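Structure data (TSV, C-alpha atoms and all ligand atoms) from protein_3.tsv:
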```
chain	number	residue	atom	x	y	z
K	465	MET	CA	13.78	-143.15	-38.07
K	466	PRO	CA	17.49	-143.41	-39.02
K	467	THR	CA	19.15	-146.20	-37.06
K	468	SER	CA	22.85	-145.85	-37.71
K	469	THR	CA	23.76	-145.35	-34.10
K	470	SER	CA	25.27	-147.74	-31.63
K	471	ILE	CA	23.69	-146.09	-28.58
K	472	ASP	CA	20.49	-147.27	-26.93
K	473	ILE	CA	18.46	-144.13	-27.57
K	474	ALA	CA	15.75	-144.93	-25.02
K	475	GLU	CA	18.32	-145.60	-22.30
K	476	VAL	CA	20.27	-142.40	-22.98
K	477	LEU	CA	17.06	-140.34	-23.06
K	478	ASP	CA	15.95	-141.88	-19.75
K	479	ARG	CA	19.29	-141.18	-18.15
K	480	ALA	CA	19.36	-137.56	-19.32
K	481	ALA	CA	15.72	-136.97	-18.36
K	482	GLY	CA	16.57	-138.20	-14.87
K	483	GLY	CA	19.39	-135.67	-14.52
K	484	GLY	CA	22.22	-138.03	-15.50
K	485	ARG	CA	25.19	-136.88	-17.53
K	486	ILE	CA	25.48	-137.85	-21.17
K	487	THR	CA	28.61	-137.75	-23.27
K	488	PRO	CA	29.14	-135.46	-26.28
K	489	ALA	CA	29.03	-138.54	-28.54
K	490	GLU	CA	25.70	-139.58	-27.03
K	491	ALA	CA	24.36	-136.04	-27.41
K	492	LEU	CA	25.37	-136.01	-31.06
K	493	ASP	CA	23.61	-139.32	-31.69
K	494	LEU	CA	20.49	-138.08	-29.90
K	495	TYR	CA	20.60	-134.89	-31.94
K	496	ARG	CA	20.89	-136.86	-35.17
K	497	TYR	CA	18.74	-139.89	-34.53
K	498	ALA	CA	16.35	-139.63	-31.58
K	499	PRO	CA	12.68	-139.45	-32.63
K	500	LEU	CA	11.57	-135.82	-32.32
K	501	HIS	CA	8.74	-136.36	-29.87
K	502	ALA	CA	10.77	-138.69	-27.66
K	503	LEU	CA	13.54	-136.10	-27.58
K	504	GLY	CA	11.10	-133.35	-26.63
K	505	GLN	CA	9.45	-135.53	-24.02
K	506	ALA	CA	12.78	-136.31	-22.35
K	507	ALA	CA	13.83	-132.66	-22.39
K	508	ASP	CA	10.48	-131.62	-20.93
K	509	ALA	CA	10.84	-134.28	-18.23
K	510	ALA	CA	14.28	-132.91	-17.38
K	511	ARG	CA	12.84	-129.39	-17.15
K	512	ARG	CA	9.93	-130.52	-14.96
K	513	ARG	CA	12.29	-132.44	-12.72
K	514	ARG	CA	14.59	-129.44	-12.27
K	515	TYR	CA	11.69	-127.11	-11.51
K	516	ALA	CA	9.51	-129.50	-9.53
K	517	GLY	CA	6.95	-127.39	-7.70
K	518	THR	CA	7.09	-124.50	-10.18
K	519	GLU	CA	7.23	-126.58	-13.36
K	520	GLN	CA	4.09	-124.95	-14.75
K	521	ILE	CA	5.77	-121.55	-14.88
K	522	ALA	CA	7.51	-120.12	-17.94
K	523	THR	CA	9.21	-116.78	-17.60
K	524	TYR	CA	9.87	-113.62	-19.59
K	525	ILE	CA	11.62	-110.34	-18.87
K	526	ILE	CA	11.02	-106.73	-19.92
K	527	GLU	CA	14.23	-105.13	-21.11
K	528	ARG	CA	15.69	-102.76	-23.63
K	529	ASN	CA	18.71	-103.29	-25.83
K	530	ILE	CA	20.51	-99.98	-26.25
K	531	ASN	CA	23.12	-99.69	-28.95
K	532	TYR	CA	25.88	-97.22	-28.10
K	533	THR	CA	27.64	-97.42	-31.47
K	534	ASN	CA	27.57	-99.44	-34.65
K	535	VAL	CA	31.20	-98.66	-35.46
K	536	CYS	CA	33.18	-101.88	-35.36
K	537	VAL	CA	36.61	-103.09	-36.37
K	538	THR	CA	35.71	-106.78	-36.20
K	539	ALA	CA	33.58	-107.14	-39.34
K	540	CYS	CA	31.84	-110.43	-38.57
K	541	LYS	CA	30.46	-111.95	-41.74
K	542	PHE	CA	27.01	-112.70	-40.32
K	543	CYS	CA	26.50	-109.18	-38.96
K	544	ALA	CA	24.15	-106.66	-40.58
K	545	PHE	CA	24.55	-104.05	-37.86
K	546	TYR	CA	28.12	-102.75	-37.95
K	547	ALA	CA	29.78	-100.01	-39.96
K	548	PRO	CA	33.55	-99.92	-40.40
K	549	PRO	CA	35.47	-97.01	-38.84
K	550	LYS	CA	35.32	-93.85	-40.99
K	551	SER	CA	32.24	-95.13	-42.85
K	552	GLU	CA	29.48	-92.57	-43.32
K	553	ALA	CA	27.07	-95.15	-41.97
K	554	GLY	CA	28.78	-95.17	-38.58
K	555	TRP	CA	27.17	-93.53	-35.55
K	556	THR	CA	27.62	-93.22	-31.81
K	557	ARG	CA	24.78	-92.51	-29.43
K	558	ASP	CA	25.31	-89.83	-26.81
K	559	LEU	CA	24.91	-90.43	-23.12
K	560	ASP	CA	21.85	-88.20	-22.67
K	561	ASP	CA	20.01	-90.12	-25.38
K	562	MET	CA	20.84	-93.42	-23.65
K	563	LEU	CA	19.70	-92.06	-20.30
K	564	ARG	CA	16.37	-91.10	-21.87
K	565	ARG	CA	15.99	-94.62	-23.19
K	566	CYS	CA	16.72	-95.95	-19.70
K	567	ALA	CA	14.07	-93.65	-18.23
K	568	GLU	CA	11.50	-94.98	-20.71
K	569	THR	CA	12.44	-98.52	-19.81
K	570	VAL	CA	11.77	-97.83	-16.14
K	571	GLU	CA	8.48	-96.13	-16.97
K	572	LEU	CA	7.35	-99.19	-18.95
K	573	GLY	CA	8.19	-101.64	-16.17
K	574	GLY	CA	11.46	-102.82	-17.65
K	575	THR	CA	14.07	-104.13	-15.26
K	576	GLN	CA	17.11	-104.74	-17.43
K	577	ILE	CA	19.28	-102.88	-19.92
K	578	MET	CA	21.42	-104.71	-22.42
K	579	PHE	CA	24.02	-102.37	-23.90
K	580	GLN	CA	25.18	-103.74	-27.22
K	581	GLY	CA	27.52	-102.22	-29.72
K	582	GLY	CA	30.42	-102.59	-32.09
K	583	HIS	CA	34.08	-102.80	-31.20
K	584	HIS	CA	34.74	-99.09	-31.60
K	585	PRO	CA	38.48	-98.46	-32.10
K	586	GLU	CA	38.48	-95.72	-29.44
K	587	PHE	CA	36.22	-97.26	-26.79
K	588	GLY	CA	38.38	-98.60	-23.99
K	589	VAL	CA	37.54	-99.45	-20.39
K	590	GLU	CA	37.09	-95.75	-19.57
K	591	TYR	CA	34.16	-95.44	-21.97
K	592	TYR	CA	32.27	-98.29	-20.34
K	593	GLU	CA	33.12	-97.12	-16.81
K	594	ARG	CA	31.55	-93.76	-17.58
K	595	LEU	CA	28.52	-95.30	-19.29
K	596	PHE	CA	27.74	-97.80	-16.55
K	597	SER	CA	28.42	-95.50	-13.61
K	598	THR	CA	26.25	-92.74	-15.11
K	599	VAL	CA	23.37	-95.11	-15.77
K	600	LYS	CA	23.64	-96.74	-12.34
K	601	GLU	CA	23.69	-93.41	-10.60
K	602	ALA	CA	20.58	-92.24	-12.45
K	603	PHE	CA	18.70	-95.57	-12.38
K	604	PRO	CA	19.97	-97.81	-9.58
K	605	GLN	CA	16.90	-100.02	-10.05
K	606	LEU	CA	17.97	-101.06	-13.58
K	607	VAL	CA	20.13	-104.16	-13.93
K	608	ILE	CA	22.96	-103.70	-16.43
K	609	HIS	CA	23.20	-107.08	-18.16
K	610	SER	CA	25.42	-106.29	-21.08
K	611	LEU	CA	28.39	-107.07	-23.29
K	612	GLY	CA	30.37	-110.27	-23.48
K	613	ALA	CA	33.88	-111.62	-23.59
K	614	SER	CA	34.52	-110.12	-27.04
K	615	GLU	CA	33.86	-106.60	-25.80
K	616	VAL	CA	36.07	-107.23	-22.77
K	617	ALA	CA	38.92	-108.45	-24.98
K	618	HIS	CA	38.52	-105.39	-27.20
K	619	MET	CA	38.28	-102.76	-24.44
K	620	ALA	CA	41.24	-104.28	-22.58
K	621	LYS	CA	43.32	-104.06	-25.75
K	622	VAL	CA	42.30	-100.45	-26.43
K	623	SER	CA	43.15	-99.44	-22.85
K	624	GLY	CA	46.28	-101.57	-22.61
K	625	VAL	CA	45.14	-103.44	-19.50
K	626	SER	CA	44.49	-107.09	-18.62
K	627	VAL	CA	41.02	-108.59	-19.06
K	628	GLU	CA	40.94	-109.06	-15.28
K	629	GLU	CA	41.44	-105.35	-14.73
K	630	ALA	CA	38.87	-104.49	-17.38
K	631	ILE	CA	36.26	-106.74	-15.78
K	632	VAL	CA	36.90	-105.46	-12.25
K	633	ARG	CA	36.68	-101.85	-13.38
K	634	ILE	CA	33.41	-102.19	-15.34
K	635	ARG	CA	31.95	-104.35	-12.56
K	636	ASP	CA	32.81	-101.69	-10.00
K	637	ALA	CA	31.31	-99.04	-12.30
K	638	GLY	CA	27.96	-100.82	-12.33
K	639	LEU	CA	27.92	-103.81	-14.68
K	640	ASP	CA	25.80	-106.52	-13.03
K	641	SER	CA	26.29	-109.43	-15.41
K	642	PHE	CA	27.51	-110.28	-18.89
K	643	ALA	CA	24.93	-110.98	-21.56
K	644	GLY	CA	27.18	-113.56	-23.20
K	645	ALA	CA	27.09	-112.04	-26.64
K	646	GLY	CA	29.84	-112.92	-29.07
K	647	ALA	CA	29.88	-116.64	-28.34
K	648	GLU	CA	28.57	-117.21	-31.89
K	649	LEU	CA	30.02	-120.64	-32.58
K	650	LEU	CA	32.86	-121.55	-30.28
K	651	PRO	CA	34.58	-124.34	-32.26
K	652	ALA	CA	37.50	-123.09	-34.35
K	653	ARG	CA	36.41	-124.01	-37.90
K	654	PRO	CA	32.98	-122.35	-38.04
K	655	ARG	CA	34.12	-119.42	-35.88
K	656	THR	CA	36.96	-118.66	-38.24
K	657	VAL	CA	34.56	-118.75	-41.18
K	658	ILE	CA	31.96	-116.36	-39.75
K	659	ALA	CA	34.02	-114.18	-37.41
K	660	PRO	CA	37.66	-114.39	-38.47
K	661	LEU	CA	38.74	-111.30	-36.49
K	662	LYS	CA	37.08	-112.28	-33.24
K	663	GLU	CA	39.03	-113.92	-30.41
K	664	SER	CA	39.00	-117.73	-30.45
K	665	GLY	CA	36.23	-119.71	-28.81
K	666	GLU	CA	38.71	-120.91	-26.19
K	667	ARG	CA	39.65	-117.30	-25.40
K	668	TRP	CA	35.98	-116.28	-25.21
K	669	LEU	CA	35.42	-118.99	-22.62
K	670	GLU	CA	38.62	-118.14	-20.72
K	671	ILE	CA	37.43	-114.54	-20.32
K	672	MET	CA	34.00	-115.72	-19.16
K	673	GLU	CA	35.70	-117.99	-16.65
K	674	VAL	CA	37.71	-115.05	-15.32
K	675	ALA	CA	34.49	-113.02	-15.06
K	676	HIS	CA	32.70	-115.78	-13.16
K	677	GLY	CA	35.67	-115.97	-10.80
K	678	LEU	CA	35.34	-112.23	-10.19
K	679	GLY	CA	31.68	-112.59	-9.30
K	680	VAL	CA	30.24	-111.48	-12.63
K	681	GLU	CA	27.87	-114.18	-13.84
K	682	SER	CA	26.61	-114.40	-17.40
K	683	THR	CA	24.42	-116.08	-19.92
K	684	CYS	CA	25.82	-117.83	-22.97
K	685	THR	CA	24.52	-117.64	-26.53
K	686	MET	CA	24.90	-119.78	-29.63
K	687	LEU	CA	24.34	-118.69	-33.21
K	688	MET	CA	22.88	-121.52	-35.30
K	689	GLY	CA	22.60	-121.88	-39.02
K	690	THR	CA	25.67	-120.41	-40.68
K	691	GLY	CA	26.84	-123.71	-42.09
K	692	GLU	CA	28.18	-125.42	-39.00
K	693	THR	CA	27.90	-129.20	-38.75
K	694	ASN	CA	25.83	-131.08	-36.19
K	695	ALA	CA	29.08	-132.21	-34.56
K	696	GLU	CA	30.20	-128.58	-34.25
K	697	ARG	CA	26.89	-127.65	-32.60
K	698	ILE	CA	27.44	-130.33	-29.98
K	699	GLU	CA	31.08	-129.29	-29.60
K	700	HIS	CA	29.86	-125.77	-28.75
K	701	LEU	CA	27.66	-127.24	-26.00
K	702	ALA	CA	30.51	-129.39	-24.71
K	703	MET	CA	32.86	-126.40	-24.48
K	704	VAL	CA	30.24	-124.50	-22.47
K	705	ARG	CA	29.56	-127.47	-20.17
K	706	ASP	CA	33.26	-127.90	-19.40
K	707	VAL	CA	33.56	-124.31	-18.17
K	708	GLN	CA	30.27	-124.57	-16.30
K	709	ASP	CA	31.62	-127.63	-14.47
K	710	ARG	CA	34.32	-125.39	-13.03
K	711	THR	CA	32.50	-122.09	-12.49
K	712	GLY	CA	28.73	-122.57	-12.37
K	713	GLY	CA	28.58	-118.99	-13.66
K	714	PHE	CA	26.41	-119.46	-16.76
K	715	ARG	CA	22.84	-118.74	-15.71
K	716	ALA	CA	21.26	-119.60	-19.03
K	717	PHE	CA	21.95	-120.96	-22.47
K	718	ILE	CA	20.38	-119.05	-25.37
K	719	PRO	CA	20.54	-120.51	-28.87
K	720	TYR	CA	19.21	-118.34	-31.69
K	721	THR	CA	19.18	-118.63	-35.44
K	722	TYR	CA	21.20	-116.74	-38.05
K	723	GLN	CA	19.22	-114.16	-40.02
K	724	PRO	CA	20.07	-113.90	-43.71
K	725	ASN	CA	19.64	-110.24	-44.73
K	726	ASN	CA	22.26	-107.56	-45.30
K	727	ASN	CA	25.35	-109.53	-44.36
K	728	HIS	CA	28.31	-111.11	-46.11
K	729	LEU	CA	27.08	-114.69	-45.70
K	730	LYS	CA	24.04	-113.78	-47.80
K	731	GLY	CA	21.81	-116.38	-46.20
K	732	ARG	CA	23.38	-119.29	-48.02
K	733	THR	CA	22.51	-121.57	-45.10
K	734	GLN	CA	19.98	-121.35	-42.29
K	735	ALA	CA	18.87	-123.56	-39.42
K	736	THR	CA	15.50	-125.20	-39.91
K	737	PRO	CA	12.76	-125.01	-37.28
K	738	LEU	CA	13.25	-128.69	-36.41
K	739	GLU	CA	17.02	-128.28	-36.06
K	740	TYR	CA	16.34	-125.43	-33.65
K	741	LEU	CA	13.81	-127.41	-31.60
K	742	ARG	CA	16.14	-130.40	-31.42
K	743	LEU	CA	18.97	-128.13	-30.27
K	744	ILE	CA	16.81	-126.67	-27.50
K	745	ALA	CA	16.00	-130.20	-26.33
K	746	ILE	CA	19.61	-131.38	-26.51
K	747	ALA	CA	20.74	-128.28	-24.62
K	748	ARG	CA	18.32	-129.12	-21.79
K	749	LEU	CA	19.50	-132.73	-21.68
K	750	PHE	CA	23.24	-132.19	-22.18
K	751	LEU	CA	23.66	-128.98	-20.17
K	752	HIS	CA	22.41	-130.52	-16.95
K	753	ASN	CA	24.55	-128.00	-15.10
K	754	VAL	CA	22.97	-124.89	-16.66
K	755	ALA	CA	19.72	-123.87	-14.97
K	756	HIS	CA	17.85	-122.04	-17.72
K	757	ILE	CA	17.32	-122.76	-21.39
K	758	GLN	CA	15.81	-119.84	-23.30
K	759	GLY	CA	13.51	-120.25	-26.27
K	760	SER	CA	13.47	-117.48	-28.84
K	761	TRP	CA	10.55	-115.86	-30.60
K	762	LEU	CA	12.52	-113.03	-32.19
K	763	THR	CA	14.49	-115.10	-34.68
K	764	THR	CA	12.42	-118.27	-34.90
K	765	GLY	CA	8.86	-116.96	-34.71
K	766	LYS	CA	6.24	-117.00	-32.01
K	767	GLU	CA	4.82	-120.46	-32.65
K	768	LEU	CA	8.25	-122.06	-32.57
K	769	GLY	CA	9.06	-120.12	-29.42
K	770	GLN	CA	5.87	-121.47	-27.92
K	771	LEU	CA	6.78	-125.01	-28.95
K	772	SER	CA	10.25	-124.64	-27.44
K	773	LEU	CA	8.53	-124.54	-24.03
K	774	HIS	CA	7.62	-128.20	-24.68
K	775	TYR	CA	11.17	-129.08	-25.72
K	776	GLY	CA	12.99	-128.11	-22.55
K	777	ALA	CA	12.93	-124.30	-22.53
K	778	ASP	CA	11.73	-122.68	-19.31
K	779	ASP	CA	12.01	-119.06	-20.45
K	780	LEU	CA	10.82	-117.16	-23.51
K	781	GLY	CA	13.27	-114.30	-23.41
K	782	SER	CA	12.14	-110.74	-23.40
K	783	ILE	CA	9.90	-108.03	-24.61
K	784	MET	CA	12.70	-106.15	-26.28
K	785	LEU	CA	11.52	-102.58	-26.11
K	786	GLU	CA	14.30	-101.90	-28.58
K	787	GLU	CA	16.37	-104.28	-30.70
K	788	ASN	CA	18.43	-103.40	-33.76
K	789	VAL	CA	21.23	-105.94	-34.14
K	790	VAL	CA	19.37	-109.11	-35.11
K	791	SER	CA	16.49	-107.12	-36.60
K	792	SER	CA	18.90	-105.46	-39.04
K	793	ALA	CA	19.65	-108.93	-40.42
K	794	GLY	CA	16.00	-109.68	-41.06
K	795	ALA	CA	14.39	-110.87	-37.81
K	796	LYS	CA	10.87	-109.60	-38.47
K	797	HIS	CA	8.91	-110.93	-35.53
K	798	ARG	CA	7.37	-108.36	-33.19
K	799	SER	CA	5.37	-108.79	-30.01
K	800	ASN	CA	3.91	-107.03	-27.02
K	801	LEU	CA	3.42	-107.86	-23.38
K	802	GLY	CA	-0.15	-109.12	-23.73
K	803	GLU	CA	0.76	-111.33	-26.66
K	804	LEU	CA	3.81	-112.82	-24.96
K	805	ILE	CA	1.75	-113.67	-21.91
K	806	THR	CA	-0.92	-115.20	-24.16
K	807	LEU	CA	1.70	-117.22	-26.03
K	808	ILE	CA	3.05	-118.67	-22.81
K	809	ARG	CA	-0.42	-119.44	-21.54
K	810	GLY	CA	-1.25	-121.03	-24.91
K	811	ALA	CA	1.65	-123.40	-24.35
K	812	ASP	CA	-0.10	-124.52	-21.16
K	813	ARG	CA	2.31	-122.68	-18.89
K	814	VAL	CA	1.73	-120.02	-16.29
K	815	PRO	CA	3.51	-116.83	-17.41
K	816	ALA	CA	5.74	-114.99	-14.95
K	817	GLN	CA	7.77	-111.82	-15.33
K	818	ARG	CA	11.27	-112.50	-14.07
K	819	SER	CA	14.31	-110.57	-12.97
K	820	THR	CA	17.75	-110.89	-14.56
K	821	THR	CA	18.56	-113.52	-11.95
K	822	TYR	CA	15.32	-115.42	-12.68
K	823	GLU	CA	13.34	-114.54	-9.56
K	824	HIS	CA	9.61	-114.44	-10.32
K	825	LEU	CA	8.54	-110.81	-10.03
K	826	ARG	CA	4.90	-111.26	-11.10
K	827	VAL	CA	3.19	-114.59	-11.63
K	828	HIS	CA	0.20	-114.18	-13.94
K	829	ASP	CA	-1.86	-117.04	-12.59
K	830	ASP	CA	-5.18	-115.30	-13.17
K	831	PRO	CA	-5.83	-114.00	-16.72
K	832	ALA	CA	-8.21	-111.44	-15.22
K	833	ASP	CA	-5.19	-109.77	-13.59
K	834	ASP	CA	-3.02	-109.68	-16.71
K	835	PRO	CA	-1.18	-106.37	-17.25
K	836	VAL	CA	-2.80	-104.26	-19.94
K	837	ASP	CA	-0.21	-101.57	-20.66
K	838	GLU	CA	-0.39	-101.35	-24.45
K	839	ARG	CA	2.79	-99.27	-24.57
K	840	VAL	CA	4.90	-102.31	-23.67
K	841	VAL	CA	5.74	-103.47	-27.18
K	842	SER	CA	8.89	-104.80	-28.73
K	843	HIS	CA	10.89	-102.57	-31.09
K	844	LEU	CA	9.10	-99.43	-29.99
K	845	SER	CA	11.99	-97.32	-31.21
K	846	SER	CA	14.03	-99.71	-33.30
K	847	ILE	CA	16.08	-98.12	-36.07
K	848	ALA	CA	15.77	-101.45	-37.89
K	849	ASP	CA	12.02	-101.21	-37.89
K	850	ASP	CA	9.15	-98.98	-38.73
K	851	ALA	CA	6.93	-98.99	-35.71
K	852	PRO	CA	4.83	-95.86	-36.05
K	853	ARG	CA	1.84	-97.21	-34.12
K	854	ALA	CA	3.93	-98.12	-31.16
K	855	ARG	CA	5.66	-94.77	-31.14
K	856	LYS	CA	2.41	-92.92	-31.29
K	857	GLN	CA	1.21	-94.80	-28.22
K	858	LEU	CA	4.28	-93.90	-26.23
K	859	PRO	CA	4.16	-90.27	-25.19
K	860	VAL	CA	7.37	-90.46	-23.20
K	861	LEU	CA	9.31	-91.43	-26.29
K	862	SER	CA	10.64	-88.36	-27.98
K	863	GLY	CA	11.45	-89.15	-31.59
K	864	ALA	CA	13.89	-91.90	-30.83
K	865	ARG	CA	13.89	-93.60	-34.21
K	866	GLY	CA	16.86	-92.84	-36.37
K	867	GLU	CA	18.43	-90.49	-33.88
K	868	ALA	CA	21.69	-92.32	-34.09
K	901	LIG	S1	28.70	-109.02	-34.38
K	901	LIG	FE1	29.48	-107.43	-33.01
K	901	LIG	S2	31.72	-107.65	-33.18
K	901	LIG	FE2	30.84	-108.68	-34.97
K	901	LIG	S3	30.77	-107.10	-36.58
K	901	LIG	FE3	28.77	-107.08	-35.56
K	901	LIG	S4	29.00	-105.48	-34.03
K	901	LIG	FE4	31.07	-106.05	-34.65
```
Kindly transcribe the structure held in the file into structure tokens.
Amino acid sequence: MPTSTSIDIAEVLDRAAGGGRITPAEALDLYRYAPLHALGQAADAARRRRYAGTEQIATYIIERNINYTNVCVTACKFCAFYAPPKSEAGWTRDLDDMLRRCAETVELGGTQIMFQGGHHPEFGVEYYERLFSTVKEAFPQLVIHSLGASEVAHMAKVSGVSVEEAIVRIRDAGLDSFAGAGAELLPARPRTVIAPLKESGERWLEIMEVAHGLGVESTCTMLMGTGETNAERIEHLAMVRDVQDRTGGFRAFIPYTYQPNNNHLKGRTQATPLEYLRLIAIARLFLHNVAHIQGSWLTTGKELGQLSLHYGADDLGSIMLEENVVSSAGAKHRSNLGELITLIRGADRVPAQRSTTYEHLRVHDDPADDPVDERVVSHLSSIADDAPRARKQLPVLSGARGEA
């Protein structure tokens, strides 16, 4: 074990596991030097402590990511999804198509829609008002957990209004919470390298803080593996924790790993599985004020997702009935409801389907009662994927692939 640290690793791990606050410098030293198993053990202790009484449960959600357009003026260098304006590869999905996708989500037991898309040069606040109000009217039972500060900054600019006005208007039209996309890496150096046209990390957080103040809570993501330093990873966490100290509006922290295909960065760097696991553990220990830490199976693989449940994660994300953004960059992992439940159980946790706000909707404490709907598979209509078997099994789906 490397020893070039002045901190008492055991003492800092104990303090963090007990719910105490650690400094960014301590977090960085833990990230660099703490023995892997001790780090995981402390993070797991912190998770168990926070969820005492329900600590055996690990959650998942059934949702669909619906992409309304891939046209984008922001041209992030890690992105394999967007097409520049006027490109022949650009498309926009019509409202009826999106409503059909929502209907399928309801039929398959999904509870949440995540609308994701590019920064279309003509999509202002009005576009999102119409989208959200139409969906809410047709499917009031679906939670619209979508967009992030970047989309708010863009739509406010297109419409010539303040971000406050933009947030109030889309909230009143039906947006329930922000998905926290676009955080990428918040510190200035790596953000400028991978997303030079995006708003600054400070601005991203300012907009989230405004949203939290207006009653719109969110999650917060982090993109790992594009060449950022360990110190910059911890700085990202520290920036999130500072805002959370003031607002309490981040429900969950969701790190995921950069995918190398079809983008300008060309996969020159990538986060390793151990870097990812250590980050999950540090997030649990450092972000003592954020309730949920989400492990990922989509970008890191199922086994690593399973392991993350022993390194501080309490949630394994979603069955993404549809996902195109990360999958376009090479995320190849696919799953289905039965497998996700089995994965969670294999990690010695009791699986539970959750709502967007993390209430337990169905606790699967008896394997004999596990849901058996074989239609509930990830990527059932992904345009980044060939999923013919899944489509065949889904009679309600009418030729969704490639309709964009
Ligand atoms: S990540 Fe989002 S904002 Fe960036 S280029 Fe892709 S679609 Fe556009």
Legend entry - Residues near Ala702 of chain K, cut-off 10 Å, only C-alpha atoms, skip fewer than 4 positions along chain, as a ChimeraX atom specification: /K:487-488,491,650-651,696-698,706-708,747,750-751
Legend entry - Gap from atom CA of His728 of chain K to atom CA of Ile671 of chain K - Å, one decimal: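 One can read the atom CA of His728 of chain K to atom CA of Ile671 of chain K distance as 27.6 Å.
Of the residues listed (K:Glu673, K:Glu648, K:Glu666, K:Asp833), K:Glu648 shows the shortest atom-to-atom separation from Phe542 of chain K; distances use only C-alpha atoms.
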Inset, instruction - Have a look at K:His584, K:Arg748, K:Arg565, K:Arg513 and name the one nearest to ligand LIG 901 (chain K); count only C-alpha atoms and all ligand atoms. - result: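 Nearest to ligand LIG 901 (chain K): K:His584.
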Legend entry - Selected residue of minimal separation from Leu500 of chain K among K:His774, K:Lys796, K:His752, K:Arg705, counting all atoms listed in the file: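 Among the listed residues, the smallest separation from Leu500 of chain K belongs to K:His774.
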Inset, instruction - Can you pull out every residue within 8 Å of Pro737 of chain K, counting all atoms listed in the file, but drop anything in the same chain fewer than 2 positions away, and send it as a ChimeraX atom specification? - result: /K:735,739-741,764,768
Would you write out those residues with C-alpha atoms, as an mmCIF file, in the coordinates of the input?
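Resulting contents of again-v9.cif:
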```cif
data_model
loop_
_atom_site.group_PDB
_atom_site.id
_atom_site.type_symbol
_atom_site.label_atom_id
_atom_site.label_comp_id
_atom_site.auth_asym_id
_atom_site.auth_seq_id
_atom_site.Cartn_x
_atom_site.Cartn_y
_atom_site.Cartn_z
ATOM 1 C CA ALA K 735 18.870 -123.560 -39.420
ATOM 2 C CA GLU K 739 17.020 -128.280 -36.060
ATOM 3 C CA TYR K 740 16.340 -125.430 -33.650
ATOM 4 C CA LEU K 741 13.810 -127.410 -31.600
ATOM 5 C CA THR K 764 12.420 -118.270 -34.900
ATOM 6 C CA LEU K 768 8.250 -122.060 -32.570
#
```
Inset, instruction - Dump the neighbourhood of ligand LIG 901 (chain K) as a PyMOL selection string: all residues within 12 Å, distances computed on all atoms listed in the file. - result: chain K and resi 531-549+554+579-585+611-619+644-649+655+658-663+687+722+726-728+788-790+792-793
Legend entry - Nearby residues (all atoms listed in the file) at most 8 Å from Val841 of chain K, same-chain spacing under 5 positions excluded, as a PyMOL selection string: chain K and resi 783-785+798-801+854
Reconstructed N, CA and C atoms for segment 590-601 of chain K, given as a JSON list (two decimals), in the frame of the given file:
```json
[["chain", "number", "residue", "atom", "x", "y", "z"],
["K", 590, "GLU", "N", 37.58, -97.03, -20.10],
["K", 590, "GLU", "CA", 37.09, -95.75, -19.57],
["K", 590, "GLU", "C", 35.69, -95.44, -20.10],
["K", 591, "TYR", "N", 35.47, -95.73, -21.37],
["K", 591, "TYR", "CA", 34.16, -95.44, -21.97],
["K", 591, "TYR", "C", 33.06, -96.20, -21.21],
["K", 592, "TYR", "N", 33.29, -97.47, -20.98],
["K", 592, "TYR", "CA", 32.27, -98.29, -20.34],
["K", 592, "TYR", "C", 32.12, -97.94, -18.86],
["K", 593, "GLU", "N", 33.22, -97.57, -18.21],
["K", 593, "GLU", "CA", 33.12, -97.12, -16.81],
["K", 593, "GLU", "C", 32.19, -95.91, -16.71],
["K", 594, "ARG", "N", 32.38, -94.97, -17.62],
["K", 594, "ARG", "CA", 31.55, -93.76, -17.58],
["K", 594, "ARG", "C", 30.10, -94.11, -17.90],
["K", 595, "LEU", "N", 29.88, -94.93, -18.91],
["K", 595, "LEU", "CA", 28.52, -95.30, -19.29],
["K", 595, "LEU", "C", 27.80, -96.00, -18.13],
["K", 596, "PHE", "N", 28.43, -97.00, -17.58],
["K", 596, "PHE", "CA", 27.74, -97.80, -16.55],
["K", 596, "PHE", "C", 27.55, -97.00, -15.26],
["K", 597, "SER", "N", 28.57, -96.23, -14.87],
["K", 597, "SER", "CA", 28.42, -95.50, -13.61],
["K", 597, "SER", "C", 27.36, -94.41, -13.74],
["K", 598, "THR", "N", 27.27, -93.78, -14.91],
["K", 598, "THR", "CA", 26.25, -92.74, -15.11],
["K", 598, "THR", "C", 24.85, -93.35, -15.07],
["K", 599, "VAL", "N", 24.68, -94.46, -15.74],
["K", 599, "VAL", "CA", 23.37, -95.11, -15.77],
["K", 599, "VAL", "C", 22.99, -95.60, -14.37],
["K", 600, "LYS", "N", 23.95, -96.20, -13.68],
["K", 600, "LYS", "CA", 23.64, -96.74, -12.34],
["K", 600, "LYS", "C", 23.27, -95.62, -11.36],
["K", 601, "GLU", "N", 23.97, -94.52, -11.51],
["K", 601, "GLU", "CA", 23.69, -93.41, -10.60],
["K", 601, "GLU", "C", 22.27, -92.88, -10.84]]
```
